[in-house]
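Dropping upload.txt in here (compact mmCIF, N, CA and C atoms):
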# COMPACT_ATOMS: atom_id res chain seq x y z
N MET G 28 -63.48 -46.14 157.01
CA MET G 28 -64.17 -45.61 158.17
C MET G 28 -63.82 -46.46 159.37
N SER G 29 -63.54 -45.79 160.50
CA SER G 29 -63.18 -46.53 161.70
C SER G 29 -64.42 -47.22 162.28
N ARG G 30 -64.16 -48.22 163.10
CA ARG G 30 -65.26 -48.97 163.73
C ARG G 30 -66.13 -48.04 164.57
N CYS G 31 -65.50 -47.11 165.30
CA CYS G 31 -66.21 -46.18 166.17
C CYS G 31 -67.15 -45.29 165.35
N CYS G 32 -66.64 -44.74 164.24
CA CYS G 32 -67.47 -43.87 163.40
C CYS G 32 -68.61 -44.67 162.76
N GLY G 33 -68.32 -45.90 162.40
CA GLY G 33 -69.37 -46.75 161.81
C GLY G 33 -70.49 -47.02 162.79
N ILE G 34 -70.14 -47.28 164.04
CA ILE G 34 -71.15 -47.52 165.08
C ILE G 34 -71.96 -46.24 165.32
N ALA G 35 -71.27 -45.11 165.41
CA ALA G 35 -71.96 -43.83 165.62
C ALA G 35 -72.92 -43.53 164.48
N LEU G 36 -72.48 -43.80 163.25
CA LEU G 36 -73.32 -43.56 162.09
C LEU G 36 -74.54 -44.49 162.11
N ALA G 37 -74.32 -45.74 162.44
CA ALA G 37 -75.44 -46.69 162.52
C ALA G 37 -76.44 -46.27 163.58
N LEU G 38 -75.95 -45.82 164.73
CA LEU G 38 -76.84 -45.35 165.80
C LEU G 38 -77.62 -44.11 165.37
N ALA G 39 -76.98 -43.22 164.66
CA ALA G 39 -77.65 -42.01 164.18
C ALA G 39 -78.80 -42.37 163.24
N PHE G 40 -78.54 -43.31 162.31
CA PHE G 40 -79.60 -43.72 161.38
C PHE G 40 -80.71 -44.46 162.12
N ALA G 41 -80.35 -45.29 163.09
CA ALA G 41 -81.36 -46.01 163.86
C ALA G 41 -82.22 -45.03 164.66
N SER G 42 -81.60 -44.01 165.25
CA SER G 42 -82.34 -43.01 166.01
C SER G 42 -83.28 -42.24 165.10
N ALA G 43 -82.81 -41.88 163.93
CA ALA G 43 -83.65 -41.13 163.00
C ALA G 43 -84.88 -41.93 162.61
N ALA G 44 -84.74 -43.23 162.49
CA ALA G 44 -85.87 -44.07 162.12
C ALA G 44 -86.92 -44.11 163.22
N LEU G 45 -86.53 -43.84 164.46
CA LEU G 45 -87.47 -43.86 165.57
C LEU G 45 -88.26 -42.57 165.70
N LEU G 46 -87.80 -41.51 165.04
CA LEU G 46 -88.49 -40.23 165.15
C LEU G 46 -89.80 -40.27 164.37
N PRO G 47 -90.87 -39.69 164.93
CA PRO G 47 -92.13 -39.67 164.21
C PRO G 47 -92.08 -38.67 163.07
N SER G 48 -92.97 -38.84 162.13
CA SER G 48 -93.11 -37.86 161.08
C SER G 48 -93.60 -36.56 161.71
N GLU G 49 -93.00 -35.45 161.35
CA GLU G 49 -93.37 -34.19 161.98
C GLU G 49 -94.00 -33.23 160.98
N THR G 50 -94.86 -33.74 160.11
CA THR G 50 -95.57 -32.89 159.18
C THR G 50 -96.80 -32.34 159.89
N ARG G 51 -96.74 -31.06 160.19
CA ARG G 51 -97.84 -30.42 160.91
C ARG G 51 -98.87 -29.86 159.94
N SER G 52 -100.06 -29.67 160.46
CA SER G 52 -101.12 -29.02 159.70
C SER G 52 -100.70 -27.58 159.40
N PRO G 53 -101.06 -27.06 158.24
CA PRO G 53 -100.76 -25.66 157.96
C PRO G 53 -101.54 -24.71 158.89
N HIS G 54 -102.55 -25.22 159.58
CA HIS G 54 -103.34 -24.42 160.51
C HIS G 54 -102.71 -24.34 161.90
N TRP G 55 -101.68 -25.15 162.16
CA TRP G 55 -101.08 -25.20 163.49
C TRP G 55 -100.61 -23.83 164.00
N PRO G 56 -99.88 -23.02 163.23
CA PRO G 56 -99.43 -21.73 163.77
C PRO G 56 -100.59 -20.85 164.26
N ALA G 57 -101.69 -20.83 163.54
CA ALA G 57 -102.84 -20.01 163.95
C ALA G 57 -103.50 -20.59 165.20
N VAL G 58 -103.63 -21.91 165.27
CA VAL G 58 -104.22 -22.56 166.45
C VAL G 58 -103.34 -22.32 167.66
N ARG G 59 -102.04 -22.45 167.49
CA ARG G 59 -101.08 -22.21 168.58
C ARG G 59 -101.18 -20.78 169.09
N ALA G 60 -101.20 -19.81 168.18
CA ALA G 60 -101.27 -18.40 168.57
C ALA G 60 -102.58 -18.11 169.31
N GLU G 61 -103.68 -18.64 168.80
CA GLU G 61 -104.98 -18.44 169.45
C GLU G 61 -104.99 -19.06 170.85
N TYR G 62 -104.43 -20.25 170.97
CA TYR G 62 -104.39 -20.92 172.27
C TYR G 62 -103.57 -20.10 173.27
N LEU G 63 -102.42 -19.59 172.84
CA LEU G 63 -101.58 -18.80 173.73
C LEU G 63 -102.26 -17.49 174.16
N ARG G 64 -103.08 -16.91 173.28
CA ARG G 64 -103.81 -15.70 173.67
C ARG G 64 -104.78 -16.01 174.81
N GLY G 65 -105.39 -17.17 174.77
CA GLY G 65 -106.34 -17.57 175.82
C GLY G 65 -105.70 -18.20 177.04
N HIS G 66 -104.47 -18.68 176.90
CA HIS G 66 -103.75 -19.37 177.97
C HIS G 66 -102.32 -18.85 178.01
N PRO G 67 -102.13 -17.59 178.47
CA PRO G 67 -100.83 -16.93 178.33
C PRO G 67 -99.82 -17.22 179.44
N ARG G 68 -100.07 -18.23 180.25
CA ARG G 68 -99.13 -18.58 181.33
C ARG G 68 -98.91 -20.09 181.36
N CYS G 69 -97.71 -20.45 181.83
CA CYS G 69 -97.40 -21.87 182.02
C CYS G 69 -98.38 -22.45 183.04
N ASP G 70 -99.01 -23.55 182.70
CA ASP G 70 -99.98 -24.17 183.61
C ASP G 70 -99.32 -24.80 184.83
N VAL G 71 -98.01 -24.98 184.80
CA VAL G 71 -97.31 -25.55 185.96
C VAL G 71 -96.84 -24.44 186.89
N CYS G 72 -96.01 -23.53 186.37
CA CYS G 72 -95.34 -22.55 187.25
C CYS G 72 -95.91 -21.14 187.16
N GLY G 73 -96.72 -20.88 186.15
CA GLY G 73 -97.32 -19.55 186.03
C GLY G 73 -96.50 -18.54 185.26
N LYS G 74 -95.32 -18.92 184.78
CA LYS G 74 -94.50 -17.98 184.02
C LYS G 74 -95.23 -17.57 182.73
N ASN G 75 -94.92 -16.36 182.26
CA ASN G 75 -95.53 -15.90 181.01
C ASN G 75 -94.50 -15.65 179.92
N GLN G 76 -93.34 -16.25 180.06
CA GLN G 76 -92.27 -16.10 179.07
C GLN G 76 -91.78 -17.48 178.62
N ASP G 77 -91.24 -17.51 177.40
CA ASP G 77 -90.65 -18.74 176.85
C ASP G 77 -91.67 -19.88 176.85
N LEU G 78 -92.88 -19.57 176.35
CA LEU G 78 -93.99 -20.53 176.41
C LEU G 78 -94.04 -21.43 175.19
N ASN G 79 -94.44 -22.67 175.43
CA ASN G 79 -94.68 -23.66 174.38
C ASN G 79 -96.11 -24.16 174.53
N VAL G 80 -96.72 -24.53 173.42
CA VAL G 80 -98.01 -25.20 173.47
C VAL G 80 -97.73 -26.68 173.27
N HIS G 81 -98.07 -27.45 174.27
CA HIS G 81 -97.78 -28.89 174.30
C HIS G 81 -99.05 -29.68 173.98
N HIS G 82 -98.90 -30.71 173.18
CA HIS G 82 -100.01 -31.62 172.89
C HIS G 82 -100.05 -32.69 173.99
N VAL G 83 -101.18 -32.83 174.67
CA VAL G 83 -101.33 -33.85 175.70
C VAL G 83 -101.16 -35.22 175.06
N ILE G 84 -101.89 -35.48 174.00
CA ILE G 84 -101.67 -36.67 173.16
C ILE G 84 -100.89 -36.15 171.95
N PRO G 85 -99.64 -36.58 171.76
CA PRO G 85 -98.83 -36.05 170.67
C PRO G 85 -99.50 -36.23 169.30
N PHE G 86 -99.29 -35.26 168.43
CA PHE G 86 -99.93 -35.34 167.12
C PHE G 86 -99.44 -36.53 166.31
N HIS G 87 -98.24 -37.02 166.59
CA HIS G 87 -97.78 -38.21 165.86
C HIS G 87 -98.46 -39.49 166.37
N LYS G 88 -99.09 -39.41 167.55
CA LYS G 88 -99.85 -40.56 168.08
C LYS G 88 -101.30 -40.52 167.59
N ASP G 89 -101.86 -39.30 167.47
CA ASP G 89 -103.24 -39.15 167.02
C ASP G 89 -103.36 -37.82 166.29
N ALA G 90 -103.15 -37.85 164.98
CA ALA G 90 -103.15 -36.63 164.17
C ALA G 90 -104.49 -35.89 164.23
N ALA G 91 -105.57 -36.60 164.50
CA ALA G 91 -106.89 -35.96 164.57
C ALA G 91 -106.97 -34.96 165.73
N LEU G 92 -106.11 -35.10 166.74
CA LEU G 92 -106.13 -34.22 167.90
C LEU G 92 -105.16 -33.04 167.79
N GLU G 93 -104.43 -32.96 166.70
CA GLU G 93 -103.39 -31.93 166.58
C GLU G 93 -103.92 -30.52 166.80
N LEU G 94 -105.10 -30.22 166.28
CA LEU G 94 -105.64 -28.86 166.35
C LEU G 94 -106.75 -28.72 167.40
N ASP G 95 -107.01 -29.78 168.13
CA ASP G 95 -108.06 -29.79 169.15
C ASP G 95 -107.57 -29.08 170.40
N GLN G 96 -108.17 -27.93 170.74
CA GLN G 96 -107.69 -27.15 171.87
C GLN G 96 -107.82 -27.88 173.20
N SER G 97 -108.72 -28.85 173.29
CA SER G 97 -108.82 -29.62 174.54
C SER G 97 -107.63 -30.56 174.72
N ASN G 98 -106.82 -30.71 173.68
CA ASN G 98 -105.63 -31.56 173.74
C ASN G 98 -104.35 -30.74 173.95
N LEU G 99 -104.51 -29.45 174.25
CA LEU G 99 -103.34 -28.58 174.38
C LEU G 99 -103.18 -28.11 175.82
N ILE G 100 -101.95 -27.79 176.17
CA ILE G 100 -101.62 -27.24 177.48
C ILE G 100 -100.44 -26.30 177.30
N THR G 101 -100.47 -25.15 177.97
CA THR G 101 -99.37 -24.19 177.89
C THR G 101 -98.33 -24.54 178.94
N LEU G 102 -97.08 -24.69 178.49
CA LEU G 102 -95.96 -24.98 179.39
C LEU G 102 -94.79 -24.09 179.01
N CYS G 103 -94.07 -23.59 180.02
CA CYS G 103 -92.82 -22.89 179.72
C CYS G 103 -91.83 -23.93 179.19
N ARG G 104 -90.77 -23.48 178.58
CA ARG G 104 -89.79 -24.40 177.98
C ARG G 104 -89.29 -25.42 179.01
N HIS G 105 -88.97 -24.94 180.21
CA HIS G 105 -88.47 -25.82 181.26
C HIS G 105 -89.49 -26.90 181.62
N ASP G 106 -90.74 -26.49 181.87
CA ASP G 106 -91.76 -27.46 182.26
C ASP G 106 -92.21 -28.32 181.08
N HIS G 107 -92.08 -27.79 179.87
CA HIS G 107 -92.37 -28.60 178.69
C HIS G 107 -91.45 -29.82 178.66
N PHE G 108 -90.17 -29.58 178.89
CA PHE G 108 -89.19 -30.66 178.90
C PHE G 108 -89.39 -31.58 180.10
N LEU G 109 -89.55 -30.99 181.27
CA LEU G 109 -89.62 -31.76 182.51
C LEU G 109 -90.95 -32.49 182.69
N VAL G 110 -92.04 -31.77 182.60
CA VAL G 110 -93.37 -32.34 182.88
C VAL G 110 -94.00 -32.94 181.62
N GLY G 111 -93.90 -32.23 180.51
CA GLY G 111 -94.52 -32.70 179.27
C GLY G 111 -93.83 -33.89 178.64
N HIS G 112 -92.51 -33.96 178.83
CA HIS G 112 -91.73 -35.03 178.17
C HIS G 112 -90.91 -35.88 179.13
N GLY G 113 -91.05 -35.65 180.42
CA GLY G 113 -90.33 -36.50 181.38
C GLY G 113 -88.82 -36.46 181.21
N ARG G 114 -88.27 -35.30 180.86
CA ARG G 114 -86.83 -35.07 180.71
C ARG G 114 -86.21 -35.78 179.51
N SER G 115 -87.05 -36.10 178.51
CA SER G 115 -86.53 -36.66 177.26
C SER G 115 -87.45 -36.20 176.13
N TRP G 116 -86.91 -35.45 175.17
CA TRP G 116 -87.74 -34.97 174.07
C TRP G 116 -88.32 -36.11 173.25
N ARG G 117 -87.77 -37.29 173.38
CA ARG G 117 -88.29 -38.46 172.64
C ARG G 117 -89.47 -39.11 173.36
N ALA G 118 -89.72 -38.73 174.58
CA ALA G 118 -90.80 -39.32 175.38
C ALA G 118 -91.97 -38.36 175.47
N TRP G 119 -93.08 -38.85 175.98
CA TRP G 119 -94.21 -37.98 176.28
C TRP G 119 -94.88 -38.49 177.54
N ASN G 120 -95.51 -37.59 178.26
CA ASN G 120 -96.10 -37.91 179.54
C ASN G 120 -97.62 -37.99 179.39
N PRO G 121 -98.19 -39.19 179.37
CA PRO G 121 -99.64 -39.31 179.20
C PRO G 121 -100.43 -38.74 180.39
N LYS G 122 -99.76 -38.49 181.51
CA LYS G 122 -100.41 -37.94 182.69
C LYS G 122 -100.01 -36.48 182.92
N VAL G 123 -99.71 -35.76 181.84
CA VAL G 123 -99.22 -34.39 181.96
C VAL G 123 -100.22 -33.50 182.70
N ARG G 124 -101.51 -33.67 182.46
CA ARG G 124 -102.51 -32.82 183.15
C ARG G 124 -102.54 -33.11 184.65
N GLN G 125 -102.50 -34.37 185.03
CA GLN G 125 -102.49 -34.71 186.45
C GLN G 125 -101.21 -34.22 187.11
N ASP G 126 -100.08 -34.41 186.45
CA ASP G 126 -98.80 -33.97 187.01
C ASP G 126 -98.76 -32.45 187.13
N GLU G 127 -99.27 -31.76 186.12
CA GLU G 127 -99.32 -30.30 186.14
C GLU G 127 -100.13 -29.82 187.34
N ALA G 128 -101.29 -30.43 187.56
CA ALA G 128 -102.16 -30.02 188.67
C ALA G 128 -101.49 -30.29 190.02
N THR G 129 -100.84 -31.42 190.15
CA THR G 129 -100.15 -31.77 191.40
C THR G 129 -99.01 -30.80 191.70
N ILE G 130 -98.18 -30.55 190.69
CA ILE G 130 -97.04 -29.65 190.89
C ILE G 130 -97.52 -28.24 191.18
N ARG G 131 -98.54 -27.78 190.44
CA ARG G 131 -99.07 -26.43 190.66
C ARG G 131 -99.62 -26.28 192.07
N ALA G 132 -100.31 -27.32 192.57
CA ALA G 132 -100.84 -27.28 193.94
C ALA G 132 -99.71 -27.17 194.96
N ILE G 133 -98.64 -27.91 194.75
CA ILE G 133 -97.49 -27.85 195.66
C ILE G 133 -96.86 -26.46 195.61
N LEU G 134 -96.67 -25.92 194.41
CA LEU G 134 -96.07 -24.59 194.28
C LEU G 134 -96.97 -23.53 194.91
N ASP G 135 -98.28 -23.64 194.73
CA ASP G 135 -99.22 -22.69 195.34
C ASP G 135 -99.14 -22.75 196.87
N ARG G 136 -99.05 -23.96 197.40
CA ARG G 136 -98.93 -24.11 198.86
C ARG G 136 -97.65 -23.48 199.38
N ILE G 137 -96.56 -23.68 198.68
CA ILE G 137 -95.28 -23.09 199.08
C ILE G 137 -95.37 -21.56 199.04
N ARG G 138 -95.98 -21.02 197.99
CA ARG G 138 -96.13 -19.56 197.88
C ARG G 138 -96.97 -19.01 199.05
N ARG G 139 -98.06 -19.69 199.37
CA ARG G 139 -98.91 -19.23 200.47
C ARG G 139 -98.16 -19.27 201.79
N GLU G 140 -97.39 -20.33 202.02
CA GLU G 140 -96.63 -20.46 203.26
C GLU G 140 -95.58 -19.36 203.39
N ARG G 141 -94.98 -18.98 202.28
CA ARG G 141 -93.96 -17.91 202.30
C ARG G 141 -94.58 -16.55 202.60
N GLU G 142 -95.84 -16.38 202.20
CA GLU G 142 -96.53 -15.11 202.43
C GLU G 142 -96.97 -14.94 203.89
N GLU G 143 -97.10 -16.04 204.60
CA GLU G 143 -97.57 -15.97 206.00
C GLU G 143 -96.49 -15.53 206.95

Rewrite the structure from the file as structure tokens, please.
Amino acid sequence: MSRCCGIALALAFASAALLPSETRSPHWPAVRAEYLRGHPRCDVCGKNQDLNVHHVIPFHKDAALELDQSNLITLCRHDHFLVGHGRSWRAWNPKVRQDEATIRAILDRIRREREE
């Protein structure tokens, strides 16, 4: 094996070790579907397509909150990546609710100004 491939392989194994366990509750699909019925739009941009249910506190950080609806927020795929994870799927944004409210207020202001 070449040195380059060996380094790449070592990095891949090291990265895998950093990933959290992703064993979800068997109740998650039902909780997710119920949440989306009650919150059918992205909380940031208002889109109603390509929606994800994001955990404010990730379930790998606090498994007790995985099914708690007060720990969930609806985000479109784009805003899930940008606002929910700060442009890295390996990261999470502990201020996602504050950031969502700030961005939504800015977008609302822009929409109102365009209507005038």

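Minimum atom-to-atom distance to Gly73 of chain G, evaluated using only N, CA and C atoms, belongs to G:Arg131 out of G:Arg117, G:Arg131, G:His87, G:Gln96.
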
- In chain G, DSSP strand (DSSP E) residues written as a PyMOL selection string: chain G and resi 78-82+99-103

Check: Using only C-alpha atoms, which residue out of G:His112, G:Val58, G:Arg104, G:Glu93 lies closest to Asn75 of chain G?
Finding: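 Smallest separation from Asn75 of chain G among the options: G:Arg104.
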
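Taking atom CA of Gly111 of chain G and atom C of Pro53 of chain G as the two end points, the separation is 23.0 Å.
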
Residues within 6 Å of Gln76 of chain G, please, as a ChimeraX atom specification. Count all atoms listed in the file; anything in the same chain fewer than 2 positions from it doesn't count. /G:74,78,103

Separating atom N of Pro121 of chain G from atom C of His81 of chain G, to the nearest tenth of an Å, is a gap of 11.0 Å

Atom N of His107 of chain G sits from atom C of Glu127 of chain G at a separation of 11.2 Å

Take every atom of segment 78-90 of chain G listed in the file, pad by 3 Å on each side, and give me the axis-aligned box centre and edge lengths in Å, one decimal, as JSON.
{"center_x": -98.7, "center_y": -30.1, "center_z": 170.3, "size_x": 17.6, "size_y": 27.0, "size_z": 18.2}

One residue among G:His82, G:Arg141, G:Lys88, G:Arg136 is nearest to Thr101 of chain G when using only N, CA and C atoms, and that residue is G:His82

DSSP helix (DSSP H, G or I) residues within chain G, listed as a PyMOL selection string: chain G and resi 30-45+55-65+90-92+96-98+104-111+123-142
